[in-house]
Amino acid sequence: MAGVQQISVISPIDPALRHTRRVLFDRFDLKKWFVMGFCAFLAHLGDGGGGYNPAGNLGGRGRGGRGDLDEVGRGASQWMAEHWGLLILIAAAVVVFVFALGALLTWLSSRGKFMFLDNVIKDRAAVSEPWERFRAFGNTLFVFRFLVGLAGFGALLLIGGFCFVLAYPNIRDGRFGARSVTALLLGLLLLAILLVCLALLQMAVNDFVVPITYRRGARPVQALRIFRDEMLAGHEGAFLLYVLAKIVIAIVAGVLVLIGTCVTCCIAALPYLSNVAF
């Protein structure tokens, strides 16, 4: 129809690749790679997850292994019963530490997103100047993202509490009955819906709210409304294709990162160096 703005998911890919090649390779500068990699590192703090999974041998160690485990379990239960106050204090300290660390990473990445976007657009490598210039934008984005995180955590607690209340009669009786099965299945369904909603909101913030704020100076909530009214409304199908295209690109990029990590003996997988390399 005439007058209707057409949105393409595929057409921006080729010019984006050309811009990337021009920024990184036309005038190759290793310092530029490290500086832009640092900004990318800041921008993606807290967006992903990582960790290690130490393998522990909890099987029997010869004769009497099961009895040893039972004895350890009884001793641990007795110790916890005698030191419940200390356990509550430790748990509270862990919760405070996790929230403080999450807030710090969110604050750093909120400003880093604008710094990285500015460097990509202007084809430069700068840290201190955009760090100061985007102070206000970064702080407002931090508040928005932190409140969204708290809302998501609250929704998670509500789901857990609802499922616990639903399954409590079975828990009290010490059996896994119909109410427990219903609570488990319903909890998994609600958890999946919550995670999908939070993932879509995070994508909208990273891919649309940040650029709209950068260009128009709008606050995050206003930028989210602009995205909804001017970009998403009437283009839901294109947005779905956009999500699918991002999944495909992420799979391809993940394979390339895996190959690069293996070739460099996992050196390229180290924090910050991975941003520089990939």
# chains A, B, ... in the order shown; residues from 1 in each chain; ligands from 1
>>> residues_around(residues="Tyr272 of chain A", least_positions_apart="3", cutoff="7 Å", atoms="only C-alpha atoms", output="PyMOL selection string")
chain A and resi 37-38+41+275-276
>>> write_last_selection(atoms="N, CA, C and O atoms", output="PDB file, in the first residue's frame")
ATOM      1  N   GLY A  37      36.781  -3.251  21.611  1.00  0.00           N
ATOM      2  CA  GLY A  37      36.491  -4.483  22.333  1.00  0.00           C
ATOM      3  C   GLY A  37      36.190  -4.228  23.797  1.00  0.00           C
ATOM      4  O   GLY A  37      35.330  -4.889  24.387  1.00  0.00           O
ATOM      5  N   PHE A  38      36.887  -3.256  24.384  1.00  0.00           N
ATOM      6  CA  PHE A  38      36.608  -2.898  25.775  1.00  0.00           C
ATOM      7  C   PHE A  38      35.202  -2.324  25.916  1.00  0.00           C
ATOM      8  O   PHE A  38      34.474  -2.657  26.860  1.00  0.00           O
ATOM      9  N   PHE A  41      32.846  -5.084  25.670  1.00  0.00           N
ATOM     10  CA  PHE A  41      32.890  -5.833  26.928  1.00  0.00           C
ATOM     11  C   PHE A  41      32.000  -5.168  27.974  1.00  0.00           C
ATOM     12  O   PHE A  41      31.215  -5.834  28.667  1.00  0.00           O
ATOM     13  N   ASN A 275      35.693 -10.394  23.427  1.00  0.00           N
ATOM     14  CA  ASN A 275      35.080  -9.249  22.752  1.00  0.00           C
ATOM     15  C   ASN A 275      35.993  -8.669  21.688  1.00  0.00           C
ATOM     16  O   ASN A 275      35.546  -8.242  20.614  1.00  0.00           O
ATOM     17  N   VAL A 276      37.280  -8.634  21.971  1.00  0.00           N
ATOM     18  CA  VAL A 276      38.245  -8.131  20.994  1.00  0.00           C
ATOM     19  C   VAL A 276      38.312  -9.061  19.788  1.00  0.00           C
ATOM     20  O   VAL A 276      38.342  -8.626  18.639  1.00  0.00           O
TER      21      VAL A 276
END
>>> atom_distance(atom1="atom CA of Gly161 of chain A", atom2="atom CA of Phe144 of chain A")
25.7 Å
>>> atom_distance(atom1="atom CA of Phe34 of chain A", atom2="atom CA of Ile212 of chain A")
26.6 Å
>>> residues_around(residues="Asp47 of chain A", least_positions_apart="3", cutoff="10 Å", atoms="only C-alpha atoms", output="list in words")
Ala43, His44, Leu105, Thr106, Ser109, Gln202 and Asn206 of chain A
>>> closest_residue(among="A:Leu30, A:Ala238, A:Ala91, A:Leu256", to="Ser8 of chain A", atoms="only C-alpha atoms")
A:Ala238
>>> closest_residue(among="A:Val209, A:Ile247, A:Ile259, A:Ile226", to="Thr140 of chain A", atoms="only C-alpha atoms")
A:Val209
>>> residues_around(residues="Leu104 of chain A", least_positions_apart="3", cutoff="12 Å", atoms="only C-alpha atoms", output="ChimeraX atom specification")
/A:42,45-46,97-101,107-111,139,142-143,145-146
>>> write_last_selection(atoms="C-alpha atoms", output="CSV table (one decimal), in the first residue's frame")
chain,number,residue,atom,x,y,z
A,42,LEU,CA,31.2,-3.1,29.0
A,45,LEU,CA,28.4,-7.2,31.1
A,46,GLY,CA,25.6,-9.3,32.7
A,97,PHE,CA,26.2,-9.5,47.5
A,98,VAL,CA,24.4,-10.9,44.4
A,99,PHE,CA,22.1,-7.9,44.2
A,100,ALA,CA,25.0,-5.5,44.6
A,101,LEU,CA,27.1,-7.3,42.0
A,107,TRP,CA,25.2,0.1,35.7
A,108,LEU,CA,28.4,-0.4,33.8
A,109,SER,CA,26.8,-2.1,30.9
A,110,SER,CA,24.0,0.5,30.6
A,111,ARG,CA,26.6,3.2,29.9
A,139,ASN,CA,21.9,6.2,34.5
A,142,PHE,CA,20.3,1.5,34.5
A,143,VAL,CA,17.3,2.5,36.6
A,145,ARG,CA,16.8,-2.2,33.6
A,146,PHE,CA,17.2,-2.6,37.3
>>> atom_distance(atom1="atom CA of Leu195 of chain A", atom2="atom CA of Ala233 of chain A")
22.8 Å
>>> closest_residue(among="A:Gly152, A:Lys32, A:His19, A:Phe114", to="Asp207 of chain A", atoms="only C-alpha atoms")
A:Phe114
>>> residues_around(residues="Ile159 of chain A", least_positions_apart="6", cutoff="10 Å", atoms="only C-alpha atoms", output="list in words")
Phe153, Ala183, Leu186, Gly187, Leu188, Leu190, Leu191 and Leu194 of chain A
>>> residues_around(residues="Ala167 of chain A", least_positions_apart="6", cutoff="8 Å", atoms="only C-alpha atoms", output="list in words")
Arg179, Ser180, Thr182 and Ala183 of chain A
>>> write_last_selection(atoms="N, CA and C atoms", output="compact mmCIF listing (two decimals), in the first residue's frame")
# COMPACT_ATOMS: atom_id res chain seq x y z
N ARG A 179 -1.29 -33.20 42.85
CA ARG A 179 -1.08 -31.77 43.07
C ARG A 179 0.38 -31.40 42.81
N SER A 180 1.29 -32.27 43.19
CA SER A 180 2.71 -32.00 42.93
C SER A 180 3.01 -32.00 41.44
N THR A 182 0.86 -31.36 39.03
CA THR A 182 0.24 -30.16 38.47
C THR A 182 1.07 -28.92 38.76
N ALA A 183 1.56 -28.81 40.00
CA ALA A 183 2.39 -27.66 40.37
C ALA A 183 3.68 -27.63 39.56
